[in-house]
Structures are given as C-alpha cells and as structure tokens.
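Worksheet: one structure, shown below.
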Amino acid sequence: MATSINDIRLDGRVALVTGAARGMGRVMAQTLAKAGADVLFADLDGDVAAAAAAEVAGLPGAGRTTGVACDITKLEDCRRAVEAAVTAFGHLNILVNNAGKGPTHVENAPQTKSLKFWEADPDAWRLVITTNVTGTYFMSHAAAPHLLRAGWGRIVNVTTSLPTMQRKANSPYGVSKVAIEAETLIWAQDTAGTGVTVNSLIPGGAVDTDFVSAPTRADMKKTGRKILQPEVMIAPILWLASTLSDGVTGARYVGKNWNEALPPGEAAAGALEAPVLRPPPPGAR
C-alpha cells in the first residue's frame, strides 16, 4: 500500500491523455508515464505531443510513450488515437479528457464585440461547445469499450470551478464545463459495477496556461490572486489512476486542495468536493 503519492506505481497500465502537448495535459501525461504507465500523448499539435512524450521516454521506472495528432471534434480521430494506444501497448485502462478550448478562443474571434453572449462570435461559441462537450464524448465513446473489456479502467474529466462555470461573460466555457460535469455523473452510473470509474478533476483556480487571457492575468495581479501551476494536477491524477481509488466514481476532486503531507487516502478525502450536479433519484425524469 502506497504511503505517499510518490509510492504510487502504474506499471502495466495504459493511459491516453488528450491535450497532452502543453500545460496540464502534458504534466499529467508525463506524470503517469513516470509512474510506469505506458502513455499515448494526444493533441492537435502532434509534433509537440511527440516531443513531450520523448522527454520522459527512457527515464528510470518510466513506461513507454508515444505522441499522436488528434482532433477530438472528429470521431474518426478519436478512434484512431485509441487504436494507436491499443496497437502500441496492447490494451487501454485510463483516459484523461483534458483537451478543450478556453474563453480566449471566443475573446479573440473575429466577430466578437464583447464576451456577453449576444455579442460573442457565434461560430467561436459553437466550437467551444463542440470541442469541450462533444469532443469529450467522442473520445470516451471510442475508449470505453476497451476499458470495459479490460475489466478495470478510469475516465477522468477535467472541468473547472463552480464560480468559473457561472461567471458573467463566460457562457461558452462555463456551459461546456457544466455539461462535462453531467457527463461525469451520467457515465459513472452507466459504468457502475464494471470496474470502470468516471470522475471529475479540477485545478481549483486559474492555471498558468494559454486559457488565461491577458485581461484576466491583469485582473488577478491587481486583486492579488495567485495563478496556479499545472503541477497542481500531479497528485490527484496519480491517485485517480491507481488502484487506491477503486470504487470511487461520480466524484469531483480539487488539485489545489491536495495535501501531500497526508497519506493518499486522507489527502483525497480533503480534496473531495461535492459534485456541481446531483444524480437524479431512481425513476426520475
């Protein structure tokens, strides 16, 4: 039994991480690989994904890695990425749905006058929803049969904080993350009893990635709010990807609330947050 997060090993497990070229996705994919998992780094930018995979290849105790180009808005791309993982490593156990588009995509769109919903670029608005919600579904749809076949699996959906979901002038991004929370809870019920679990993971604040716009950074500096680093996801993703989280499903964890001074089980309990949504009672419509 692991007594610290650094004791967790994932040897023999196979993971696929989307949005793995940069930021949180890169950190999580490299973390899983360093713990012994074989990891496929999937990203729109296949070259950078491959470079991120190569950085950990051959490290002592690390699993095998490879990187592929993948547009999660295309079902065939998702299927190809899953098949690439299975072909390279033999099976698939872990899917981390990290890829997505943030508020800056709408902010920088040509037809956007402001981030109020009636002045936002409709095409950019739609693409955020398509990428974050449909893309998460497409990848999970492609991966789930392999996880179920293995009899043990993990789907981890990266979402965001409740204040961000309902913040003014943030409707496409906020709406998309609420939808992913619903996907998490519904899929957790769909996979109940199969050995496959579905959980949400959030950093717990703005993270130093290109999702954070210049105005947001300026406002954070003005108000004294600190920006988080992508490494805030390391401890919770290791725990969620391990047997220590067996039976935990439909839950939501906050990276910044993880106390690494505690044993992993206690740290996980401290980082557990009530789901944004609640599953309906039996028989409800």
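Identifiers in this document derive from the order of the structure tokens: chains are assigned A, B, ..., residues are numbered from 1 separately in each chain, and ligands are numbered from 1 in order of occurrence.
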Set out as JSON lines a contact list for stretch 24-51 of chain A and stretch 81-102 of chain A with a cut-off of 10 Å, giving each residue of stretch 24-51 of chain A that qualifies its closest atom pair and distance in Å to one decimal, counting only C-alpha atoms, ordered by chain and rising residue number.
{"residue": "A:Met24", "atom": "CA", "partner": "A:Asn98", "partner_atom": "CA", "distance": 7.7}
{"residue": "A:Gly25", "atom": "CA", "partner": "A:Asn98", "partner_atom": "CA", "distance": 5.9}
{"residue": "A:Arg26", "atom": "CA", "partner": "A:Asn98", "partner_atom": "CA", "distance": 9.6}
{"residue": "A:Met28", "atom": "CA", "partner": "A:Val96", "partner_atom": "CA", "distance": 8.5}
{"residue": "A:Ala29", "atom": "CA", "partner": "A:Val96", "partner_atom": "CA", "distance": 8.5}
{"residue": "A:Leu32", "atom": "CA", "partner": "A:Ile94", "partner_atom": "CA", "distance": 9.7}
{"residue": "A:Ala37", "atom": "CA", "partner": "A:Ile94", "partner_atom": "CA", "distance": 9.4}
{"residue": "A:Asp38", "atom": "CA", "partner": "A:Phe89", "partner_atom": "CA", "distance": 6.7}
{"residue": "A:Val39", "atom": "CA", "partner": "A:Ala85", "partner_atom": "CA", "distance": 7.7}
{"residue": "A:Leu40", "atom": "CA", "partner": "A:Ala85", "partner_atom": "CA", "distance": 5.9}
{"residue": "A:Phe41", "atom": "CA", "partner": "A:Ala81", "partner_atom": "CA", "distance": 9.1}
{"residue": "A:Ala42", "atom": "CA", "partner": "A:Ala81", "partner_atom": "CA", "distance": 7.1}
{"residue": "A:Asp43", "atom": "CA", "partner": "A:Ala99", "partner_atom": "CA", "distance": 7.5}
{"residue": "A:Leu44", "atom": "CA", "partner": "A:Ala99", "partner_atom": "CA", "distance": 8.9}
Could the residues in this selection be written to a file with N, CA, C and O atoms, as a CSV table (one decimal), in the first residue's frame?
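What ended up in result06.csv:
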chain,number,residue,atom,x,y,z
A,24,MET,N,-1.5,21.5,-18.5
A,24,MET,CA,-1.9,20.4,-17.5
A,24,MET,C,-1.9,19.1,-18.2
A,24,MET,O,-1.5,18.1,-17.5
A,25,GLY,N,-2.3,19.0,-19.5
A,25,GLY,CA,-2.3,17.7,-20.1
A,25,GLY,C,-0.9,17.1,-20.2
A,25,GLY,O,-0.7,15.9,-20.0
A,26,ARG,N,0.1,17.9,-20.6
A,26,ARG,CA,1.5,17.5,-20.6
A,26,ARG,C,2.0,17.0,-19.3
A,26,ARG,O,2.6,16.0,-19.2
A,28,MET,N,0.2,15.9,-16.7
A,28,MET,CA,-0.5,14.7,-16.3
A,28,MET,C,0.0,13.5,-17.1
A,28,MET,O,0.3,12.4,-16.5
A,29,ALA,N,0.2,13.7,-18.4
A,29,ALA,CA,0.7,12.5,-19.2
A,29,ALA,C,2.1,12.1,-18.8
A,29,ALA,O,2.4,10.9,-18.6
A,32,LEU,N,1.9,10.2,-15.4
A,32,LEU,CA,1.5,8.9,-15.5
A,32,LEU,C,2.6,8.0,-16.0
A,32,LEU,O,2.9,6.9,-15.6
A,37,ALA,N,3.2,3.9,-16.2
A,37,ALA,CA,2.2,3.6,-17.2
A,37,ALA,C,2.8,3.8,-18.6
A,37,ALA,O,3.6,4.7,-18.8
A,38,ASP,N,2.3,3.1,-19.6
A,38,ASP,CA,2.5,3.3,-21.0
A,38,ASP,C,1.5,4.4,-21.4
A,38,ASP,O,0.3,4.2,-21.1
A,39,VAL,N,1.9,5.5,-22.0
A,39,VAL,CA,1.1,6.6,-22.2
A,39,VAL,C,1.1,7.1,-23.7
A,39,VAL,O,2.2,7.3,-24.2
A,40,LEU,N,-0.1,7.3,-24.2
A,40,LEU,CA,-0.2,7.9,-25.5
A,40,LEU,C,-0.6,9.4,-25.3
A,40,LEU,O,-1.6,9.7,-24.7
A,41,PHE,N,0.3,10.3,-25.8
A,41,PHE,CA,0.1,11.7,-25.7
A,41,PHE,C,-0.7,12.1,-27.0
A,41,PHE,O,-0.2,12.1,-28.1
A,42,ALA,N,-2.0,12.6,-26.8
A,42,ALA,CA,-2.8,13.0,-28.0
A,42,ALA,C,-3.0,14.5,-27.9
A,42,ALA,O,-3.3,15.1,-26.9
A,43,ASP,N,-2.9,15.1,-29.1
A,43,ASP,CA,-3.0,16.6,-29.1
A,43,ASP,C,-3.2,17.0,-30.6
A,43,ASP,O,-2.8,16.3,-31.5
A,44,LEU,N,-3.9,18.2,-30.8
A,44,LEU,CA,-4.0,18.8,-32.1
A,44,LEU,C,-2.6,18.9,-32.7
A,44,LEU,O,-2.4,18.7,-33.9
For stretch 56-71 of chain A, work out the shell of residues within 10 Å, counting only C-alpha atoms and skipping chain neighbours fewer than 3 positions away, then give it as a ChimeraX atom specification.
-> /A:9-21,29-53,74-81,84-85,88-89,99,131,135,139
Computed gap from atom CA of A:Ser200 to atom CA of A:Gly250 is 7.4 Å
DSSP-assigned helix (DSSP H, G or I) members of stretch 85-277 of chain A, reported as a ChimeraX atom specification | /A:85-89,103-107,122-150,162-165,171-190,214-223,230-240,243-245,255-257,264-271
Nearby residues (only C-alpha atoms) at most 10 Å from A:Thr164, same-chain spacing under 5 positions excluded, as a ChimeraX atom specification = /A:159,170-171,173-175,177-178,204-206
Residues from the last selection, N, CA, C and O atoms, saved as a PDB file, in the first residue's frame:
ATOM      1  N   THR A 159     -12.556  19.499 -15.516  1.00  0.00           N
ATOM      2  CA  THR A 159     -13.573  20.545 -15.615  1.00  0.00           C
ATOM      3  C   THR A 159     -13.049  21.817 -14.943  1.00  0.00           C
ATOM      4  O   THR A 159     -11.869  22.125 -15.026  1.00  0.00           O
ATOM      5  N   ASN A 170     -18.895  34.495 -19.531  1.00  0.00           N
ATOM      6  CA  ASN A 170     -18.091  33.270 -19.661  1.00  0.00           C
ATOM      7  C   ASN A 170     -18.978  32.104 -20.082  1.00  0.00           C
ATOM      8  O   ASN A 170     -18.718  30.959 -19.735  1.00  0.00           O
ATOM      9  N   SER A 171     -20.038  32.428 -20.872  1.00  0.00           N
ATOM     10  CA  SER A 171     -21.042  31.393 -21.112  1.00  0.00           C
ATOM     11  C   SER A 171     -20.565  30.210 -21.945  1.00  0.00           C
ATOM     12  O   SER A 171     -20.890  29.077 -21.580  1.00  0.00           O
ATOM     13  N   TYR A 173     -17.598  28.699 -22.242  1.00  0.00           N
ATOM     14  CA  TYR A 173     -16.701  27.865 -21.449  1.00  0.00           C
ATOM     15  C   TYR A 173     -17.422  27.312 -20.223  1.00  0.00           C
ATOM     16  O   TYR A 173     -17.369  26.110 -19.942  1.00  0.00           O
ATOM     17  N   GLY A 174     -18.109  28.169 -19.498  1.00  0.00           N
ATOM     18  CA  GLY A 174     -18.840  27.725 -18.314  1.00  0.00           C
ATOM     19  C   GLY A 174     -19.892  26.690 -18.642  1.00  0.00           C
ATOM     20  O   GLY A 174     -20.023  25.670 -17.956  1.00  0.00           O
ATOM     21  N   VAL A 175     -20.663  26.942 -19.703  1.00  0.00           N
ATOM     22  CA  VAL A 175     -21.691  25.995 -20.127  1.00  0.00           C
ATOM     23  C   VAL A 175     -21.072  24.647 -20.470  1.00  0.00           C
ATOM     24  O   VAL A 175     -21.577  23.581 -20.101  1.00  0.00           O
ATOM     25  N   LYS A 177     -18.339  23.253 -19.367  1.00  0.00           N
ATOM     26  CA  LYS A 177     -17.834  22.516 -18.214  1.00  0.00           C
ATOM     27  C   LYS A 177     -18.962  21.968 -17.345  1.00  0.00           C
ATOM     28  O   LYS A 177     -18.833  20.893 -16.739  1.00  0.00           O
ATOM     29  N   VAL A 178     -20.088  22.685 -17.269  1.00  0.00           N
ATOM     30  CA  VAL A 178     -21.262  22.130 -16.587  1.00  0.00           C
ATOM     31  C   VAL A 178     -21.716  20.864 -17.309  1.00  0.00           C
ATOM     32  O   VAL A 178     -22.050  19.849 -16.682  1.00  0.00           O
ATOM     33  N   GLY A 204      -8.658  24.039  -9.439  1.00  0.00           N
ATOM     34  CA  GLY A 204      -9.099  24.831  -8.291  1.00  0.00           C
ATOM     35  C   GLY A 204      -8.801  26.309  -8.417  1.00  0.00           C
ATOM     36  O   GLY A 204      -8.825  27.046  -7.438  1.00  0.00           O
ATOM     37  N   GLY A 205      -8.556  26.751  -9.636  1.00  0.00           N
ATOM     38  CA  GLY A 205      -8.266  28.158  -9.895  1.00  0.00           C
ATOM     39  C   GLY A 205      -7.654  28.312 -11.268  1.00  0.00           C
ATOM     40  O   GLY A 205      -7.444  27.334 -11.984  1.00  0.00           O
ATOM     41  N   ALA A 206      -7.365  29.546 -11.647  1.00  0.00           N
ATOM     42  CA  ALA A 206      -6.738  29.801 -12.939  1.00  0.00           C
ATOM     43  C   ALA A 206      -5.343  29.202 -12.964  1.00  0.00           C
ATOM     44  O   ALA A 206      -4.578  29.340 -12.016  1.00  0.00           O
TER      45      ALA A 206
END
Please provide the set of residues having any atom within 12 Å of A:Glu183, restricted to only C-alpha atoms, with same-chain residues fewer than 2 positions apart removed, written as a VMD selection string.
-> chain A and resid 97 132 to 138 140 to 141 155 to 159 176 to 181 185 to 191 198 to 200 250 to 251 275 to 279
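When atom CA of A:Ala192 is paired with atom CA of A:Gly247, their separation reads 8.9 Å.
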